[in-house]
>>> print(open('model21.txt').read())   # compact mmCIF, C-alpha atoms
# COMPACT_ATOMS: atom_id res chain seq x y z
CA MET R 8 -88.70 32.95 49.72
CA SER R 9 -87.09 29.76 48.50
CA ALA R 10 -83.46 28.98 49.32
CA ARG R 11 -81.29 29.96 46.34
CA TRP R 12 -77.74 29.55 47.65
CA PRO R 13 -75.58 26.60 46.68
CA ARG R 14 -74.33 24.01 49.09
CA GLY R 15 -70.62 24.18 49.88
CA SER R 16 -70.53 27.96 49.68
CA GLY R 17 -68.16 28.08 52.68
CA VAL R 18 -65.58 26.08 50.75
CA LEU R 19 -65.83 28.50 47.84
CA VAL R 20 -65.42 31.48 50.17
CA ALA R 21 -62.22 29.86 51.48
CA LEU R 22 -61.03 29.45 47.88
CA LEU R 23 -61.76 33.12 47.23
CA LEU R 24 -59.65 34.04 50.24
CA LEU R 25 -56.83 31.95 48.80
CA GLY R 26 -57.32 33.70 45.47
CA GLY R 27 -56.92 37.01 47.24
CA CYS R 28 -53.57 35.89 48.55
CA ALA R 29 -52.39 34.35 45.27
CA GLY R 30 -49.00 35.49 44.06
CA GLN R 31 -47.94 37.00 47.36
CA GLY R 32 -45.70 34.16 48.49
CA ASN R 33 -42.17 34.59 49.82
CA GLY R 34 -40.75 32.89 46.72
CA GLU R 35 -42.02 35.58 44.38
CA ALA R 36 -40.94 38.34 46.75
CA LYS R 37 -37.41 36.91 46.75
CA ASN R 38 -37.42 36.60 42.94
CA ALA R 39 -38.58 40.22 42.56
CA GLU R 40 -35.94 41.39 45.05
CA ASN R 41 -33.19 39.47 43.22
CA ALA R 42 -34.22 40.99 39.89
CA ALA R 43 -34.26 44.52 41.32
CA VAL R 44 -30.88 44.14 43.04
CA GLU R 45 -29.31 42.57 39.93
CA PHE R 46 -30.69 45.37 37.78
CA SER R 47 -29.40 48.05 40.12
CA ARG R 48 -25.91 46.49 40.42
CA SER R 49 -25.64 46.09 36.64
CA VAL R 50 -26.41 49.69 35.72
CA ASP R 51 -22.77 50.83 36.11
CA SER R 52 -20.68 47.90 34.93
CA LEU R 53 -22.92 45.45 33.05
CA THR R 54 -25.38 47.79 31.43
CA SER R 55 -26.43 45.21 28.82
CA VAL R 56 -27.63 42.97 31.67
CA ALA R 57 -29.59 45.86 33.17
CA CYS R 58 -31.13 46.68 29.77
CA GLY R 59 -32.16 43.01 29.44
CA LEU R 60 -34.00 43.29 32.74
CA LEU R 61 -36.17 46.19 31.58
CA ALA R 62 -39.81 45.45 30.67
CA PRO R 63 -40.39 45.83 26.88
CA GLN R 64 -42.50 48.98 27.19
CA THR R 65 -39.97 50.55 29.58
CA LEU R 66 -37.05 49.76 27.27
CA LYS R 67 -38.98 51.33 24.40
CA GLY R 68 -39.82 54.40 26.48
CA LEU R 69 -36.17 54.89 27.43
CA GLU R 70 -34.80 54.38 23.92
CA ASP R 71 -37.47 56.55 22.28
CA ALA R 72 -36.65 59.41 24.63
CA GLN R 73 -32.90 59.07 25.16
CA GLY R 74 -31.40 56.81 22.49
CA ALA R 75 -29.65 53.44 22.93
CA CYS R 76 -30.33 51.81 26.29
CA ALA R 77 -26.75 51.23 27.47
CA GLY R 78 -25.67 54.86 27.51
CA SER R 79 -28.94 56.42 28.49
CA LEU R 80 -29.58 54.02 31.37
CA ARG R 81 -26.15 54.82 32.84
CA ASP R 82 -26.85 58.54 32.46
CA GLU R 83 -30.25 58.33 34.17
CA LEU R 84 -29.30 56.01 37.03
CA LYS R 85 -25.85 57.20 37.95
CA SER R 86 -25.25 54.93 40.93
CA ALA R 87 -26.43 51.56 42.23
CA GLY R 88 -29.46 51.60 44.51
CA GLY R 89 -27.91 49.59 47.35
CA PRO R 90 -29.36 46.64 49.28
CA ALA R 91 -33.09 45.88 49.40
CA GLU R 92 -34.93 47.26 52.41
CA SER R 93 -38.47 46.07 51.65
CA VAL R 94 -40.38 44.12 49.00
CA GLU R 95 -44.12 43.95 48.36
CA VAL R 96 -45.70 41.68 45.75
CA TYR R 97 -49.35 41.80 44.59
CA GLY R 98 -50.16 39.30 41.86
CA LYS R 99 -47.78 40.04 39.00
CA ASP R 100 -46.66 43.42 40.29
CA ALA R 101 -44.00 44.31 42.84
CA ILE R 102 -42.24 47.25 44.44
CA VAL R 103 -38.70 46.87 45.79
CA ARG R 104 -37.34 49.66 47.96
CA LEU R 105 -33.54 49.77 47.88
CA SER R 106 -31.57 51.95 50.27
CA SER R 107 -31.23 54.69 47.63
CA ASP R 108 -33.75 53.82 44.91
CA THR R 109 -37.27 52.46 44.47
CA ILE R 110 -37.92 50.00 41.64
CA PHE R 111 -41.26 48.77 40.24
CA LEU R 112 -41.42 45.37 38.55
CA ALA R 113 -43.87 43.08 36.74
CA ARG R 114 -43.65 39.31 36.32
CA PHE R 115 -43.46 38.36 32.63
CA PRO R 116 -43.24 34.77 31.29
CA ARG R 117 -39.40 35.11 31.31
CA GLY R 118 -39.29 36.41 34.87
CA TRP R 119 -39.44 39.69 36.80
CA ARG R 120 -38.72 42.76 34.68
CA VAL R 121 -38.26 46.38 35.75
CA THR R 122 -41.16 48.63 34.73
CA ALA R 123 -39.79 51.77 36.43
CA ALA R 124 -36.56 52.72 38.21
CA GLY R 125 -34.90 55.77 39.69
CA CYS R 126 -38.18 56.54 41.43
CA THR R 127 -38.67 59.06 44.22
CA ARG R 128 -41.81 59.46 46.28
CA GLN R 129 -43.91 62.56 45.69
CA GLN R 130 -46.73 63.77 47.92
CA ALA R 131 -49.07 61.10 49.35
CA GLY R 132 -51.51 59.64 46.84
CA ARG R 133 -49.45 60.73 43.83
CA PRO R 134 -47.36 58.48 41.53
CA TYR R 135 -43.62 58.23 42.12
CA ASP R 136 -41.45 60.41 39.92
CA CYS R 137 -39.37 57.88 37.93
CA LYS R 138 -36.35 58.62 35.72
CA VAL R 139 -36.88 55.40 33.76
CA LYS R 140 -40.44 54.27 32.99
CA ALA R 141 -42.72 53.11 30.18
CA ALA R 142 -43.55 55.51 27.38
CA MET J 11 -83.28 8.80 39.36
CA LYS J 12 -85.99 10.65 37.45
CA ALA J 13 -87.89 11.29 40.68
CA TRP J 14 -84.71 12.48 42.39
CA LEU J 15 -84.01 14.92 39.56
CA ARG J 16 -87.56 16.26 39.73
CA GLU J 17 -87.51 16.62 43.51
CA ASN J 18 -84.20 18.50 43.45
CA SER J 19 -84.63 20.38 40.19
CA LEU J 20 -84.60 23.83 41.79
CA THR J 21 -81.21 23.32 43.47
CA LEU J 22 -79.79 21.56 40.39
CA VAL J 23 -80.82 24.28 37.96
CA PHE J 24 -79.51 27.08 40.16
CA SER J 25 -76.21 25.19 40.63
CA LEU J 26 -75.84 24.78 36.88
CA ILE J 27 -76.61 28.39 36.01
CA LEU J 28 -74.26 29.50 38.80
CA LEU J 29 -71.44 27.49 37.21
CA ALA J 30 -72.31 28.79 33.73
CA ALA J 31 -72.29 32.38 34.98
CA LEU J 32 -68.95 31.87 36.77
CA VAL J 33 -67.43 30.44 33.58
CA GLY J 34 -68.78 33.41 31.61
CA GLN J 35 -67.40 35.83 34.20
CA ALA J 36 -63.98 34.13 34.15
CA LEU J 37 -63.72 34.15 30.34
CA THR J 38 -64.83 37.74 29.89
CA GLY J 39 -62.93 38.98 32.95
CA ASP J 40 -59.68 37.41 31.70
CA SER J 41 -60.22 38.90 28.26
CA SER J 42 -60.92 42.34 29.72
CA TYR J 43 -57.87 42.19 32.03
CA ASN J 44 -55.60 41.15 29.16
CA GLU J 45 -56.85 43.95 26.91
CA SER J 46 -55.82 46.49 29.52
CA ALA J 47 -52.52 44.71 30.24
CA LEU J 48 -51.56 44.63 26.55
CA ASP J 49 -52.40 48.32 26.17
CA ALA J 50 -50.05 49.10 29.07
CA GLY J 51 -47.31 46.68 27.92
CA LEU J 52 -47.79 44.58 31.08
CA PRO J 53 -47.90 40.77 31.38
CA THR J 54 -51.19 39.05 30.55
CA LEU J 55 -52.88 36.26 32.53
CA THR J 56 -53.87 32.81 31.29
CA LEU J 57 -57.41 31.75 32.18
CA GLY J 58 -56.08 29.59 35.02
CA GLN J 59 -53.97 32.43 36.38
CA TYR J 60 -56.93 34.79 36.14
CA ILE J 61 -59.22 32.42 38.06
CA ALA J 62 -56.57 32.22 40.82
CA SER J 63 -56.05 35.98 40.80
CA SER J 64 -57.21 38.56 43.30
CA GLN J 65 -58.95 40.43 40.46
CA PHE J 66 -61.34 37.50 39.86
CA ALA J 67 -61.69 36.75 43.58
CA VAL J 68 -62.75 40.29 44.51
CA ASP J 69 -65.27 40.49 41.68
CA VAL J 70 -66.89 37.23 42.83
CA ALA J 71 -66.69 37.96 46.57
CA GLU J 72 -68.20 41.44 46.38
CA ASN J 73 -71.32 40.02 44.76
CA TRP J 74 -71.54 37.03 47.07
CA GLN J 75 -71.31 39.00 50.29
CA SER J 76 -74.17 41.23 49.21
CA GLU J 77 -76.37 38.28 48.26
CA TYR J 78 -75.82 36.60 51.62
CA LEU J 79 -76.40 39.88 53.44
CA GLN J 80 -79.64 40.30 51.51
CA PHE J 81 -80.91 36.89 52.60
CA LEU J 82 -79.62 37.32 56.16
CA LEU J 83 -81.50 40.60 56.55
CA TYR J 84 -84.57 39.16 54.90
CA ILE J 85 -84.58 36.10 57.17
CA LEU J 86 -84.13 38.19 60.33
CA LEU J 87 -86.24 41.27 59.54
CA THR J 88 -89.25 39.22 58.46
CA VAL J 89 -89.38 37.77 61.97
CA TRP J 90 -90.52 41.17 63.29
CA LEU J 91 -91.33 43.45 60.36
CA LEU J 92 -94.54 43.11 58.36
CA GLN J 93 -95.94 44.29 55.04
CA LYS J 94 -99.69 44.23 54.71
CA GLY J 95 -100.74 42.44 51.52
CA SER J 96 -97.38 40.83 50.79
CA PRO J 97 -96.90 37.06 50.60
CA GLU J 98 -93.30 37.76 51.74
CA SER J 99 -94.63 38.93 55.12
CA LYS J 100 -96.06 36.85 57.93
CA PRO J 101 -99.71 37.37 58.84
CA LEU J 102 -100.09 40.66 60.70
CA ASP J 103 -100.72 38.98 64.09
CA LYS J 104 -97.65 36.73 63.94
CA ALA J 105 -94.78 39.19 64.38
CA GLY J 106 -91.96 37.94 66.61
CA ARG J 107 -90.36 34.58 67.41
CA GLU J 108 -93.79 32.94 68.05
CA SER J 109 -94.65 30.36 70.72
CA ASP J 110 -92.98 26.95 71.16
CA LYS J 111 -96.28 25.38 70.14
CA GLU J 112 -96.42 27.31 66.88
CA GLN J 113 -92.75 26.55 66.21
CA LYS J 114 -93.08 22.86 67.20
CA VAL J 115 -90.11 22.82 69.55
CA GLY J 116 -89.43 20.93 72.81
CA GLY J 117 -92.53 19.20 74.09
CA HIS J 118 -94.54 20.46 71.08
CA ALA J 119 -92.29 18.77 68.52
CA ASP J 120 -93.73 16.26 66.06
CA ALA J 121 -92.48 12.70 65.78
CA ASP J 122 -90.57 13.57 62.62
CA SER J 123 -89.22 16.93 63.87
CA PRO J 124 -85.41 17.34 63.72
CA THR J 125 -83.70 16.00 66.86
CA TRP J 126 -82.31 19.39 67.86
CA ALA J 127 -85.82 20.87 67.71
CA LYS J 128 -87.06 18.20 70.17
CA VAL J 129 -84.27 18.11 72.77
CA GLY J 130 -84.62 21.63 74.19
CA GLY J 131 -81.80 23.59 75.86
CA TRP J 132 -78.92 25.19 73.95
CA ARG J 133 -79.21 22.83 70.99
CA THR J 134 -82.80 23.85 70.28
CA SER J 135 -81.83 27.48 70.83
CA VAL J 136 -78.98 27.23 68.31
CA TYR J 137 -81.03 25.21 65.84
CA SER J 138 -83.83 27.79 66.07
CA ARG J 139 -81.37 30.39 64.71
CA SER J 140 -79.22 28.16 62.52
CA LEU J 141 -80.37 29.57 59.18
CA GLY J 142 -79.53 33.14 60.15
CA LEU J 143 -76.27 32.05 61.81
CA VAL J 144 -75.01 30.22 58.74
CA MET J 145 -76.09 32.98 56.36
CA GLY J 146 -74.38 35.51 58.62
CA LEU J 147 -71.16 33.50 58.74
CA VAL J 148 -71.06 33.08 54.96
CA PHE J 149 -71.74 36.82 54.59
CA LEU J 150 -68.84 37.68 56.92
CA GLY J 151 -66.59 35.16 55.15
CA SER J 152 -67.44 36.59 51.72
CA TRP J 153 -66.98 40.17 52.92
CA THR J 154 -63.60 39.25 54.41
CA ALA J 155 -62.67 37.58 51.10
CA GLN J 156 -63.66 40.83 49.34
CA LEU J 157 -61.39 42.79 51.71
CA VAL J 158 -58.39 40.46 51.26
CA ALA J 159 -58.73 40.04 47.49
CA GLY J 160 -59.79 43.66 46.98
CA ARG J 161 -56.69 45.00 48.70
CA SER J 162 -54.45 42.73 46.64
CA ALA J 163 -56.12 43.68 43.34
CA TYR J 164 -56.14 47.38 44.27
CA ASN J 165 -52.47 47.30 45.24
CA ALA J 166 -51.54 45.59 41.97
CA GLU J 167 -53.17 48.51 40.16
CA GLN J 168 -51.40 50.97 42.44
CA LEU J 169 -48.04 49.44 41.50
CA GLN J 170 -48.92 49.54 37.80
CA ASP J 171 -49.63 53.26 38.30
CA LEU J 172 -46.27 53.68 40.12
CA GLN J 173 -47.96 54.41 43.45
CA ASP J 174 -47.47 53.01 46.95
CA PRO J 175 -49.62 50.02 47.91
CA LEU J 176 -52.02 50.44 50.86
CA GLY J 177 -51.87 48.61 54.18
CA TRP J 178 -54.95 47.03 55.74
CA GLY J 179 -56.01 50.20 57.55
CA GLY J 180 -55.48 52.29 54.43
CA TYR J 181 -57.54 49.96 52.27
CA LEU J 182 -60.35 49.78 54.87
CA HIS J 183 -60.60 53.57 54.56
CA ALA J 184 -60.19 53.59 50.77
CA PRO J 185 -63.15 54.42 48.50
CA ASP J 186 -62.48 51.24 46.49
CA PHE J 187 -63.53 48.90 49.32
CA TRP J 188 -66.65 50.82 50.28
CA ASN J 189 -67.69 51.62 46.72
CA ARG J 190 -67.57 47.92 45.80
CA THR J 191 -69.57 47.19 48.96
CA PHE J 192 -72.27 49.86 48.65
CA GLN J 193 -72.88 49.42 44.93
CA ASN J 194 -73.75 45.78 45.57
CA TRP J 195 -75.79 46.43 48.71
CA GLN J 196 -78.03 49.01 47.07
CA SER J 197 -79.04 46.65 44.27
CA GLU J 198 -79.86 43.85 46.72
CA PHE J 199 -81.98 46.11 48.92
CA LEU J 200 -83.81 47.40 45.84
CA ALA J 201 -84.54 43.86 44.63
CA VAL J 202 -85.93 42.70 47.98
CA GLY J 203 -87.96 45.86 48.53
CA SER J 204 -89.42 45.58 45.03
CA MET J 205 -90.34 41.94 45.61
CA VAL J 206 -92.14 42.81 48.85
CA VAL J 207 -94.18 45.60 47.25
CA PHE J 208 -94.77 44.14 43.76
CA SER J 209 -96.11 40.90 45.25
CA ILE J 210 -98.90 42.82 46.98
CA TYR J 211 -100.50 43.70 43.63
CA LEU J 212 -98.96 41.35 41.06
CA ARG J 213 -99.29 37.57 40.71
CA GLU J 214 -97.32 34.68 39.20
CA ARG J 215 -99.64 31.75 38.88
CA GLY J 216 -98.20 28.62 40.52
CA SER J 217 -95.20 30.31 42.15
CA PRO J 218 -94.81 29.98 45.93
CA GLU J 219 -93.32 33.48 45.82
CA SER J 220 -96.73 34.84 44.77
CA LYS J 221 -100.16 34.85 46.30
CA PRO J 222 -102.80 32.77 44.46
CA VAL J 223 -103.98 34.80 41.47
CA GLY J 224 -107.39 35.43 42.96
CA SER J 225 -106.20 36.46 46.42
CA ALA J 226 -107.13 39.94 47.60
CA HIS J 227 -104.45 42.62 47.62
CA THR J 228 -105.00 42.91 51.38
CA SER J 229 -104.38 39.24 52.20
CA THR J 230 -101.00 38.93 53.95
CA GLY J 231 -98.68 35.96 54.41
CA VAL J 232 -100.49 33.79 51.87
CA GLU J 233 -98.31 31.90 49.41
CA GLY J 234 -99.63 30.20 46.29
>>> encode(input="model21.txt", output="structure tokens")
Amino acid sequence: MSARWPRGSGVLVALLLLGGCAGQGNGEAKNAENAAVEFSRSVDSLTSVACGLLAPQTLKGLEDAQGACAGSLRDELKSAGGPAESVEVYGKDAIVRLSSDTIFLARFPRGWRVTAAGCTRQQAGRPYDCKVKAA
Amino acid sequence: MKAWLRENSLTLVFSLILLAALVGQALTGDSSYNESALDAGLPTLTLGQYIASSQFAVDVAENWQSEYLQFLLYILLTVWLLQKGSPESKPLDKAGRESDKEQKVGGHADADSPTWAKVGGWRTSVYSRSLGLVMGLVFLGSWTAQLVAGRSAYNAEQLQDLQDPLGWGGYLHAPDFWNRTFQNWQSEFLAVGSMVVFSIYLRERGSPESKPVGSAHTSTGVEG
């Protein structure tokens, strides 16, 4: 059979490997961690800041179910989640595990926003049970 | 210039349609990703971001690894395995690596043979297997790219579904990795097997992939 593969394929494979790692840098992990910690600290005292850090669909889900964000967020997440213990970022999605909460985030044009908070792990292979999440 | 274009037209055309197909895949893949993201209220990706994403990388790599595996297997298996009547097979009495004389290596090399075919020793040994070696390395590289990008893309979906991401061991055991792998492998094996069998009985006048139109169905290893 005739050769049908392009020259320079090795270079393209290397680029694909880089693509697979895209968005997993330390910078984005730090940004996601900062957003999660700021959100968690703001729930008690600066609830408007915490509400501003919610992803649009999550804010809508909370307000549709519980009413205005400020009061309902404080009711759902009664205490701050503590310091970050681990962060994982994949593309535009991240999970930040605080000492007493797990927070999911997504990177929007204006920065990292919380898509779910107040999350506790269920059995393996099942979604976390989250007090605040998208509708 | 005209002669150069004509003499390299096969490579040029395949390079161009490869690029066109990649552009089409990028445009439609980005559009498809953004449709799902908007439905879920999640951030969308620009075309540039999509091309640099693990989602695009895994979709490309899973197809590439299977193509290179297909050619690697074809190159190696046709050294020893035969198919009576197929132009894809060697003549029935030629199975194996063949003699140095038949392969024009060492003292049997022609004046214009590649240097590494003439010199003997490890260089001739490596050069005698260089096509399979390079195809095998590109296959392994593409498959590794599929693993790396696939895990990243899968874990992004896991996080969107509020589930834990998987480590390397977990993803290597996950259905996602092996399903992407096997669904590509089966189509490649089907295509090669079909080519071997169809070319026994069917002809394409002028194509080196076919026997001459008038060749008998039983003639093996004859290319038109």
>>> interface_residues(input="model21.txt", of="chain J", to="chain R", cutoff="8 Å", atoms="all atoms listed in the file", output="PyMOL selection string")
chain J and resi 21+24-25+50-53+61-68+70-71+98+148+151-152+154-156+158-160+162-163+165-166+169-174+218-219
>>> write_last_selection(input="model21.txt", atoms="C-alpha atoms", output="PDB file, keeping the file's coordinate frame")
ATOM      1  CA  THR J  21     -81.210  23.320  43.470  1.00  0.00           C
ATOM      2  CA  PHE J  24     -79.510  27.080  40.160  1.00  0.00           C
ATOM      3  CA  SER J  25     -76.210  25.190  40.630  1.00  0.00           C
ATOM      4  CA  ALA J  50     -50.050  49.100  29.070  1.00  0.00           C
ATOM      5  CA  GLY J  51     -47.310  46.680  27.920  1.00  0.00           C
ATOM      6  CA  LEU J  52     -47.790  44.580  31.080  1.00  0.00           C
ATOM      7  CA  PRO J  53     -47.900  40.770  31.380  1.00  0.00           C
ATOM      8  CA  ILE J  61     -59.220  32.420  38.060  1.00  0.00           C
ATOM      9  CA  ALA J  62     -56.570  32.220  40.820  1.00  0.00           C
ATOM     10  CA  SER J  63     -56.050  35.980  40.800  1.00  0.00           C
ATOM     11  CA  SER J  64     -57.210  38.560  43.300  1.00  0.00           C
ATOM     12  CA  GLN J  65     -58.950  40.430  40.460  1.00  0.00           C
ATOM     13  CA  PHE J  66     -61.340  37.500  39.860  1.00  0.00           C
ATOM     14  CA  ALA J  67     -61.690  36.750  43.580  1.00  0.00           C
ATOM     15  CA  VAL J  68     -62.750  40.290  44.510  1.00  0.00           C
ATOM     16  CA  VAL J  70     -66.890  37.230  42.830  1.00  0.00           C
ATOM     17  CA  ALA J  71     -66.690  37.960  46.570  1.00  0.00           C
ATOM     18  CA  GLU J  98     -93.300  37.760  51.740  1.00  0.00           C
ATOM     19  CA  VAL J 148     -71.060  33.080  54.960  1.00  0.00           C
ATOM     20  CA  GLY J 151     -66.590  35.160  55.150  1.00  0.00           C
ATOM     21  CA  SER J 152     -67.440  36.590  51.720  1.00  0.00           C
ATOM     22  CA  THR J 154     -63.600  39.250  54.410  1.00  0.00           C
ATOM     23  CA  ALA J 155     -62.670  37.580  51.100  1.00  0.00           C
ATOM     24  CA  GLN J 156     -63.660  40.830  49.340  1.00  0.00           C
ATOM     25  CA  VAL J 158     -58.390  40.460  51.260  1.00  0.00           C
ATOM     26  CA  ALA J 159     -58.730  40.040  47.490  1.00  0.00           C
ATOM     27  CA  GLY J 160     -59.790  43.660  46.980  1.00  0.00           C
ATOM     28  CA  SER J 162     -54.450  42.730  46.640  1.00  0.00           C
ATOM     29  CA  ALA J 163     -56.120  43.680  43.340  1.00  0.00           C
ATOM     30  CA  ASN J 165     -52.470  47.300  45.240  1.00  0.00           C
ATOM     31  CA  ALA J 166     -51.540  45.590  41.970  1.00  0.00           C
ATOM     32  CA  LEU J 169     -48.040  49.440  41.500  1.00  0.00           C
ATOM     33  CA  GLN J 170     -48.920  49.540  37.800  1.00  0.00           C
ATOM     34  CA  ASP J 171     -49.630  53.260  38.300  1.00  0.00           C
ATOM     35  CA  LEU J 172     -46.270  53.680  40.120  1.00  0.00           C
ATOM     36  CA  GLN J 173     -47.960  54.410  43.450  1.00  0.00           C
ATOM     37  CA  ASP J 174     -47.470  53.010  46.950  1.00  0.00           C
ATOM     38  CA  PRO J 218     -94.810  29.980  45.930  1.00  0.00           C
ATOM     39  CA  GLU J 219     -93.320  33.480  45.820  1.00  0.00           C
TER      40      GLU J 219
END
>>> atom_distance(input="model21.txt", atom1="CA of Glu35 in chain R", atom2="CA of Ser55 in chain R")
24.0 Å
>>> residues_around(input="model21.txt", residues="Gly117 in chain J", least_positions_apart="5", cutoff="12 Å", atoms="all atoms listed in the file", output="MDAnalysis selection string")
chainID J and resid 109:112 123 125:131 134
>>> write_last_selection(input="model21.txt", atoms="C-alpha atoms", output="PDB file, in the frame of the given file")
ATOM      1  CA  SER J 109     -94.650  30.360  70.720  1.00  0.00           C
ATOM      2  CA  ASP J 110     -92.980  26.950  71.160  1.00  0.00           C
ATOM      3  CA  LYS J 111     -96.280  25.380  70.140  1.00  0.00           C
ATOM      4  CA  GLU J 112     -96.420  27.310  66.880  1.00  0.00           C
ATOM      5  CA  SER J 123     -89.220  16.930  63.870  1.00  0.00           C
ATOM      6  CA  THR J 125     -83.700  16.000  66.860  1.00  0.00           C
ATOM      7  CA  TRP J 126     -82.310  19.390  67.860  1.00  0.00           C
ATOM      8  CA  ALA J 127     -85.820  20.870  67.710  1.00  0.00           C
ATOM      9  CA  LYS J 128     -87.060  18.200  70.170  1.00  0.00           C
ATOM     10  CA  VAL J 129     -84.270  18.110  72.770  1.00  0.00           C
ATOM     11  CA  GLY J 130     -84.620  21.630  74.190  1.00  0.00           C
ATOM     12  CA  GLY J 131     -81.800  23.590  75.860  1.00  0.00           C
ATOM     13  CA  THR J 134     -82.800  23.850  70.280  1.00  0.00           C
TER      14      THR J 134
END
>>> residues_around(input="model21.txt", residues="Tyr211 in chain J", least_positions_apart="3", cutoff="10 Å", atoms="all atoms listed in the file", output="list in words")
Gly95, Ser96, Val206, Val207, Phe208, Ser220, Lys221, Val223, Ser225, Ala226, His227 and Thr228 of chain J
>>> atom_distance(input="model21.txt", atom1="CA of Glu40 in chain R", atom2="CA of Cys58 in chain R")
16.9 Å
>>> axis_aligned_box(input="model21.txt", around="range 210-221 of chain J", padding_each_side="3 Å", output="lines of an AutoDock Vina configuration file")
center_x = -96.9
center_y = 36.2
center_z = 42.9
size_x = 13.2
size_y = 21.1
size_z = 14.1
>>> atom_distance(input="model21.txt", atom1="CA of Asn33 in chain R", atom2="CA of Val103 in chain R")
13.4 Å
>>> residues_around(input="model21.txt", residues="Pro90 in chain R", least_positions_apart="6", cutoff="8 Å", atoms="all atoms listed in the file", output="ChimeraX atom specification")
/R:44,105-106
